[in-house]
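Student: One structure is given below, represented as structure tokens, and several questions about it will come after.
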Amino acid sequence: MAKKNIDWSGLGFGYVKTDKRFVSEYKNGHWDEGRLTDDEKIVINECAGVLQYAQTVFEGLKAYTTVDGHIVTFRPDLNAARLEDSAKRLEIPPYPQDKFIDAVVKTVEANQDYVPPYGTGATLYVRPYIFGSSPVIGVKPAEEYQFRIFTTPVGPYFKGGAKPITIRVSDYDRAAPHGTGHIKAGLNYAMSLYQIVDAHNQGFDENMYLDPATRTKVEETGGANFLFITKDKTVVTPKSSSILPSITRRSLMYVAEHYLGLKVEHREVAFEELKDFEECGLCGTAAVISPVGKIYDHGREICFPSGMDDMGPVTKELYETLTGIQMGRIEAPEGWIKVIK
Ligand SMILES: *Cc1c(COP(=O)(O)O)cnc(C)c1O
């Protein structure tokens, strides 16, 4: 076995077929043992629940090489728990959490030649998902499901340094109150595509969604949570029942408090408060933190004092500490790093 001949640092964020994927099928009320397969194609009925009524949920995590050469993943137990929460909300039978972790380990092991070497900035993205596979035409949950995991090597999120981005306040909502904003479901992404294409056409990098009920509070973007830094260096993240609970955001809050000794607040954030913050960032697995330099709201600009050239200083410290923990340069809290080999 030898690492694949890939230009790791030149990779983008796209699908690259790897050798093995995991599949487990749910039939007659239970999940089977599951297996690895070479076949990247899925054959399902034309009337499958996922195709007709979008009955599918997913997760996203990364496997990567640490400074001492181990292949690891970061807090996969939280992905297992979140997938269960997402599944329950869409009447999908949850995949057992311990088996989820085993399946992640097996799939990464089977594709270890695609795990980028330390120092390239690249990682092996791991995508677990569940979907209704049996025919459904009257509206009800499917009777059969597949749980799958594929992997794809992805390049460094920031090529040539993390430049702050510009986001705009969207005129559309991402999630309804008491809806599905808090689960990781493809349906939340399907309805955001129109807005993101439009944002890009207008020259913006991302959409900021406000709370759908009052449109006065900050929620998140299409795929990342917000984090703000106040003048007195408190780390503030928005709280709402329609925000997806980002594992990166939860980890950063812990790091802020226990590694950097900063004050942290997880609370409602009024849009009107934004002008008083020093720094802003987006957090998620892909980038860990993307710095935000500017927010555009219908002709009005909110420019963060950290500017458009670099990550703000506190954001940068958070970023360096969490990526240091992930890469094995800084000691991790108990249970955060799952060593695969
Ligand atoms: C996946 C996701 C995030 C980021 O979550 P992480 O666990 O940090 O990767 C944030 N918002 C939405 C809507 C998401 O789907």
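Note on naming: chains are A, B, ... as they come in the structure tokens, residues start from 1 per chain, ligands start from 1 in the order shown.
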Throw together the list of residues within 7 Å of ligand 1, counting only C-alpha atoms and all ligand atoms, and drop it here as JSON, numbers by chain.
Tutor: {"A": [59, 60, 61, 184, 220, 221, 222, 223, 224, 225, 243, 244, 245, 246, 247, 248, 249, 283, 284, 285, 286]}
Student: Residues near segment 2-15 of chain A, anyone? I mean within 8 Å using only C-alpha atoms, not counting same-chain ones fewer than 4 positions away, as a count of residues only.
Tutor: 14
Student: Of the candidates A:Leu262, A:Ala270, A:Ala162, A:Leu187, which shows the shortest atom-to-atom distance to Arg215 of chain A, using only C-alpha atoms?
Tutor: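 Nearest to Arg215 of chain A: A:Ala270.
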Student: For Lys106 of chain A, which residue among A:Thr151, A:Asn201, A:Asn79, A:Thr230 is the nearest when counting only C-alpha atoms?
Tutor: A:Thr151
Student: Considering only C-alpha atoms, return as a list in words whatever protein or nucleic-acid residues lie within 6 Å of Ala48 of chain A, sequence-local ones (same chain, fewer than 2 positions apart) excluded.
Tutor: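 What passes the distance filter is Asn45, Glu46, Val50, Leu51, Ser133, Ser134, Pro135 and Val136 of chain A.
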Student: Please report, as a tab-separated table, each residue of segment 99-154 of chain A lying at most 10 Å from segment 323-338 of chain A, together with the nearest pair of atoms and the separation in Å rounded to one decimal; use only C-alpha atoms, and order rows by chain and ascending residue number.
Tutor:
```
residue	atom	partner	partner_atom	distance
A:Ile101	CA	A:Lys338	CA	9.2
A:Val105	CA	A:Lys338	CA	8.8
A:Tyr118	CA	A:Met327	CA	8.0
A:Gly119	CA	A:Met327	CA	9.2
```
Student: Okay, now the selection with all heavy atoms, as a JSON list (two decimals), in the first residue's frame?
Tutor:
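New file again.json:
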```
[["chain", "number", "residue", "atom", "x", "y", "z"],
["A", 101, "ILE", "N", -19.48, 4.75, 14.26],
["A", 101, "ILE", "CA", -18.05, 5.01, 14.45],
["A", 101, "ILE", "C", -17.22, 3.87, 13.83],
["A", 101, "ILE", "O", -16.23, 4.12, 13.14],
["A", 101, "ILE", "CB", -17.73, 5.26, 15.93],
["A", 101, "ILE", "CG1", -18.44, 6.55, 16.36],
["A", 101, "ILE", "CG2", -16.22, 5.36, 16.17],
["A", 101, "ILE", "CD1", -18.33, 6.90, 17.81],
["A", 105, "VAL", "N", -14.44, 4.24, 10.80],
["A", 105, "VAL", "CA", -13.07, 3.71, 10.93],
["A", 105, "VAL", "C", -12.77, 2.76, 9.77],
["A", 105, "VAL", "O", -11.73, 2.89, 9.11],
["A", 105, "VAL", "CB", -12.89, 3.01, 12.30],
["A", 105, "VAL", "CG1", -11.57, 2.24, 12.35],
["A", 105, "VAL", "CG2", -12.97, 4.03, 13.44],
["A", 118, "TYR", "N", 0.47, 14.79, 6.29],
["A", 118, "TYR", "CA", 0.52, 15.97, 7.17],
["A", 118, "TYR", "C", 1.23, 17.13, 6.46],
["A", 118, "TYR", "O", 2.20, 16.92, 5.73],
["A", 118, "TYR", "CB", 1.29, 15.62, 8.45],
["A", 118, "TYR", "CG", 1.50, 16.81, 9.36],
["A", 118, "TYR", "CD1", 0.46, 17.26, 10.16],
["A", 118, "TYR", "CD2", 2.72, 17.49, 9.37],
["A", 118, "TYR", "CE1", 0.64, 18.37, 10.97],
["A", 118, "TYR", "CE2", 2.90, 18.60, 10.18],
["A", 118, "TYR", "CZ", 1.86, 19.03, 10.99],
["A", 118, "TYR", "OH", 2.03, 20.14, 11.78],
["A", 119, "GLY", "N", 0.70, 18.31, 6.65],
["A", 119, "GLY", "CA", 1.40, 19.49, 6.15],
["A", 119, "GLY", "C", 0.91, 19.96, 4.78],
["A", 119, "GLY", "O", 1.28, 21.04, 4.33]]
```
Student: What's the separation between atom CA of Gln195 of chain A and atom CA of Ala175 of chain A, in Å to one decimal place?
Tutor: 13.1 Å
Student: Quick one: everything within 7 Å of Arg168 of chain A, counting only C-alpha atoms, minus sequence neighbours fewer than 6 positions away in the same chain. Send it as a list of chain:residue names.
Tutor: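 Using only C-alpha atoms, the neighbours found are A:Phe204, A:Glu206, A:Asn207, A:Met208, A:Ile295, A:Tyr296, A:Asp297.
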Student: Export, as a PDB file, in the first residue's frame, the selected residues with N, CA and C atoms.
Tutor:
```
ATOM      1  N   PHE A 204     -21.307  38.417  -3.822  1.00  0.00           N
ATOM      2  CA  PHE A 204     -21.134  38.088  -2.396  1.00  0.00           C
ATOM      3  C   PHE A 204     -20.709  36.640  -2.247  1.00  0.00           C
ATOM      4  N   GLU A 206     -21.404  34.649   0.545  1.00  0.00           N
ATOM      5  CA  GLU A 206     -22.326  33.844   1.345  1.00  0.00           C
ATOM      6  C   GLU A 206     -23.564  34.659   1.704  1.00  0.00           C
ATOM      7  N   ASN A 207     -24.600  33.951   2.163  1.00  0.00           N
ATOM      8  CA  ASN A 207     -25.805  34.587   2.691  1.00  0.00           C
ATOM      9  C   ASN A 207     -25.838  34.502   4.211  1.00  0.00           C
ATOM     10  N   MET A 208     -26.231  35.595   4.843  1.00  0.00           N
ATOM     11  CA  MET A 208     -26.552  35.533   6.273  1.00  0.00           C
ATOM     12  C   MET A 208     -28.066  35.413   6.385  1.00  0.00           C
ATOM     13  N   ILE A 295     -20.361  42.764   6.088  1.00  0.00           N
ATOM     14  CA  ILE A 295     -21.729  42.282   5.897  1.00  0.00           C
ATOM     15  C   ILE A 295     -22.528  43.372   5.193  1.00  0.00           C
ATOM     16  N   TYR A 296     -23.208  42.967   4.141  1.00  0.00           N
ATOM     17  CA  TYR A 296     -23.967  43.915   3.338  1.00  0.00           C
ATOM     18  C   TYR A 296     -25.455  43.714   3.620  1.00  0.00           C
ATOM     19  N   ASP A 297     -26.125  44.791   4.017  1.00  0.00           N
ATOM     20  CA  ASP A 297     -27.554  44.682   4.336  1.00  0.00           C
ATOM     21  C   ASP A 297     -28.324  45.752   3.571  1.00  0.00           C
TER      22      ASP A 297
END
```
Student: Check the smallest atom-to-atom distance from each of A:Asp102, A:Asn111, A:Tyr95, A:Pro305 to Leu124 of chain A using only C-alpha atoms, then report the winner.
Tutor: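 For Leu124 of chain A, the nearest of the candidates is A:Asn111.
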Student: Go through A:Ile183, A:His200, A:Tyr259, A:Cys280 one by one, measure the shortest atom-to-atom distance of each to Val236 of chain A using only C-alpha atoms, and give the residue with the smallest value.
Tutor: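 Residue with the minimum atom-to-atom distance to Val236 of chain A: A:Cys280.
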Student: For each of A:Lys163, A:Arg267, A:His178, A:Lys275, take the minimum atom-to-atom distance to Asp309 of chain A, counting only C-alpha atoms, then give the residue where this is smallest.
Tutor: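 Among the listed residues, the smallest separation from Asp309 of chain A belongs to A:Lys163.
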Student: Please report, as a list in words, each residue of segment 83-150 of chain A to which DSSP assigns strand (DSSP E) when run on this structure's backbone.
Tutor: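 Matching residues for strand (DSSP E) in segment 83-150 of chain A are Thr123, Leu124, Tyr125, Val126, Arg127, Pro128, Tyr129, Ile130, Phe131, Gly132, Tyr145, Gln146, Phe147, Arg148, Ile149 and Phe150 of chain A.
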Student: For atom CA of Lys88 of chain A and atom CA of Phe58 of chain A, quote the distance in Å rounded to one decimal.
Tutor: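 Taking atom CA of Lys88 of chain A as the start and atom CA of Phe58 of chain A as the end point, the length is 12.4 Å.
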Student: Contacts of Ala142 of chain A at 12 Å or less, counting only C-alpha atoms, minus same-chain residues fewer than 5 places along, as a list of chain:residue names?
Tutor: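 Close residues of Ala142 of chain A: A:Tyr26, A:Lys27, A:Asn28, A:Gly29, A:Asn45, A:Cys47, A:Ala48, A:Gly49, A:Val50, A:Leu51, A:Gln52, A:Tyr53, A:Ala54, A:Gln55, A:Thr56, A:Leu90, A:Glu91, A:Ile92, A:Pro93, A:Ile130, A:Phe131, A:Gly132, A:Ser133, A:Ser134, A:Pro135, A:Val136, A:Ile137.
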Student: Please produce a file of the residues just selected, as a CSV table (one decimal), in the first residue's frame, where the atoms kept are N, CA, C and O atoms.
Tutor:
```csv
chain,number,residue,atom,x,y,z
A,26,TYR,N,-31.2,-1.3,5.6
A,26,TYR,CA,-32.3,-1.5,6.6
A,26,TYR,C,-33.5,-2.1,5.9
A,26,TYR,O,-34.0,-1.6,5.0
A,27,LYS,N,-33.8,-3.3,6.4
A,27,LYS,CA,-35.0,-4.1,5.8
A,27,LYS,C,-35.6,-4.8,6.9
A,27,LYS,O,-34.9,-5.3,7.9
A,28,ASN,N,-36.9,-5.0,6.8
A,28,ASN,CA,-37.7,-5.8,7.8
A,28,ASN,C,-37.4,-5.3,9.3
A,28,ASN,O,-37.3,-6.1,10.2
A,29,GLY,N,-37.2,-4.0,9.4
A,29,GLY,CA,-37.1,-3.4,10.7
A,29,GLY,C,-35.7,-3.5,11.4
A,29,GLY,O,-35.6,-3.2,12.5
A,45,ASN,N,-35.1,2.0,-6.8
A,45,ASN,CA,-36.3,2.2,-7.5
A,45,ASN,C,-36.6,3.6,-7.9
A,45,ASN,O,-36.2,4.5,-7.1
A,47,CYS,N,-39.1,5.2,-7.6
A,47,CYS,CA,-40.1,5.8,-6.7
A,47,CYS,C,-39.5,5.9,-5.3
A,47,CYS,O,-40.3,6.1,-4.3
A,48,ALA,N,-38.2,5.7,-5.1
A,48,ALA,CA,-37.6,5.7,-3.8
A,48,ALA,C,-38.0,6.9,-3.0
A,48,ALA,O,-38.0,8.0,-3.5
A,49,GLY,N,-38.1,6.7,-1.7
A,49,GLY,CA,-38.5,7.8,-0.8
A,49,GLY,C,-37.6,9.0,-0.9
A,49,GLY,O,-38.0,10.2,-0.9
A,50,VAL,N,-36.3,8.8,-1.1
A,50,VAL,CA,-35.3,9.9,-1.2
A,50,VAL,C,-35.6,10.7,-2.5
A,50,VAL,O,-35.4,11.9,-2.5
A,51,LEU,N,-36.0,10.0,-3.6
A,51,LEU,CA,-36.1,10.7,-4.8
A,51,LEU,C,-37.4,11.5,-4.9
A,51,LEU,O,-37.5,12.6,-5.4
A,52,GLN,N,-38.5,11.0,-4.3
A,52,GLN,CA,-39.8,11.6,-4.3
A,52,GLN,C,-40.0,12.7,-3.2
A,52,GLN,O,-40.5,13.8,-3.5
A,53,TYR,N,-39.6,12.3,-2.0
A,53,TYR,CA,-40.0,13.2,-0.9
A,53,TYR,C,-38.7,13.6,0.0
A,53,TYR,O,-38.9,14.0,1.1
A,54,ALA,N,-37.5,13.5,-0.6
A,54,ALA,CA,-36.3,14.0,0.0
A,54,ALA,C,-36.0,13.4,1.4
A,54,ALA,O,-35.6,14.1,2.2
A,55,GLN,N,-36.3,12.1,1.6
A,55,GLN,CA,-36.1,11.6,2.9
A,55,GLN,C,-34.7,11.1,3.0
A,55,GLN,O,-34.3,10.0,2.8
A,56,THR,N,-33.8,12.1,3.4
A,56,THR,CA,-32.4,11.8,3.5
A,56,THR,C,-31.7,12.8,4.5
A,56,THR,O,-32.1,13.9,4.5
A,90,LEU,N,-36.8,13.0,10.5
A,90,LEU,CA,-37.4,12.7,9.2
A,90,LEU,C,-37.9,11.3,9.1
A,90,LEU,O,-38.1,10.7,8.1
A,91,GLU,N,-38.2,10.7,10.3
A,91,GLU,CA,-38.8,9.3,10.4
A,91,GLU,C,-37.9,8.3,9.7
A,91,GLU,O,-38.4,7.3,9.1
A,92,ILE,N,-36.6,8.5,9.8
A,92,ILE,CA,-35.6,7.6,9.3
A,92,ILE,C,-35.1,6.7,10.4
A,92,ILE,O,-34.8,7.3,11.5
A,93,PRO,N,-35.0,5.4,10.3
A,93,PRO,CA,-34.5,4.6,11.4
A,93,PRO,C,-33.1,5.0,11.7
A,93,PRO,O,-32.2,4.9,10.8
A,130,ILE,N,-27.9,8.7,5.1
A,130,ILE,CA,-29.0,7.7,5.1
A,130,ILE,C,-30.1,8.2,4.2
A,130,ILE,O,-30.4,9.3,4.2
A,131,PHE,N,-30.6,7.3,3.4
A,131,PHE,CA,-31.8,7.7,2.6
A,131,PHE,C,-32.8,6.5,2.4
A,131,PHE,O,-32.5,5.4,2.5
A,132,GLY,N,-34.1,6.9,2.2
A,132,GLY,CA,-35.1,6.0,2.0
A,132,GLY,C,-35.0,5.4,0.6
A,132,GLY,O,-35.0,6.2,-0.4
A,133,SER,N,-34.9,4.1,0.5
A,133,SER,CA,-34.6,3.5,-0.8
A,133,SER,C,-35.8,2.7,-1.4
A,133,SER,O,-35.8,2.4,-2.6
A,134,SER,N,-36.8,2.4,-0.6
A,134,SER,CA,-38.0,1.7,-1.1
A,134,SER,C,-39.0,2.6,-1.7
A,134,SER,O,-39.0,3.8,-1.4
A,135,PRO,N,-39.9,2.1,-2.6
A,135,PRO,CA,-40.8,3.0,-3.3
A,135,PRO,C,-41.8,3.6,-2.3
A,135,PRO,O,-42.4,2.9,-1.4
A,136,VAL,N,-42.1,4.9,-2.5
A,136,VAL,CA,-43.1,5.6,-1.7
A,136,VAL,C,-43.8,6.5,-2.6
A,136,VAL,O,-43.2,7.4,-3.3
A,137,ILE,N,-45.2,6.4,-2.7
A,137,ILE,CA,-45.9,7.4,-3.5
A,137,ILE,C,-46.9,8.1,-2.6
A,137,ILE,O,-47.0,9.3,-2.6
```
Student: Do you have the atom CA of Val264 of chain A-atom CA of Val169 of chain A distance handy?
Tutor: 24.7 Å
Student: So, with only C-alpha atoms as the atoms that count, which of A:Val108, A:Ala80, A:Val72, A:Ala87 lies closest to His182 of chain A?
Tutor: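 Smallest separation from His182 of chain A among the options: A:Ala87.
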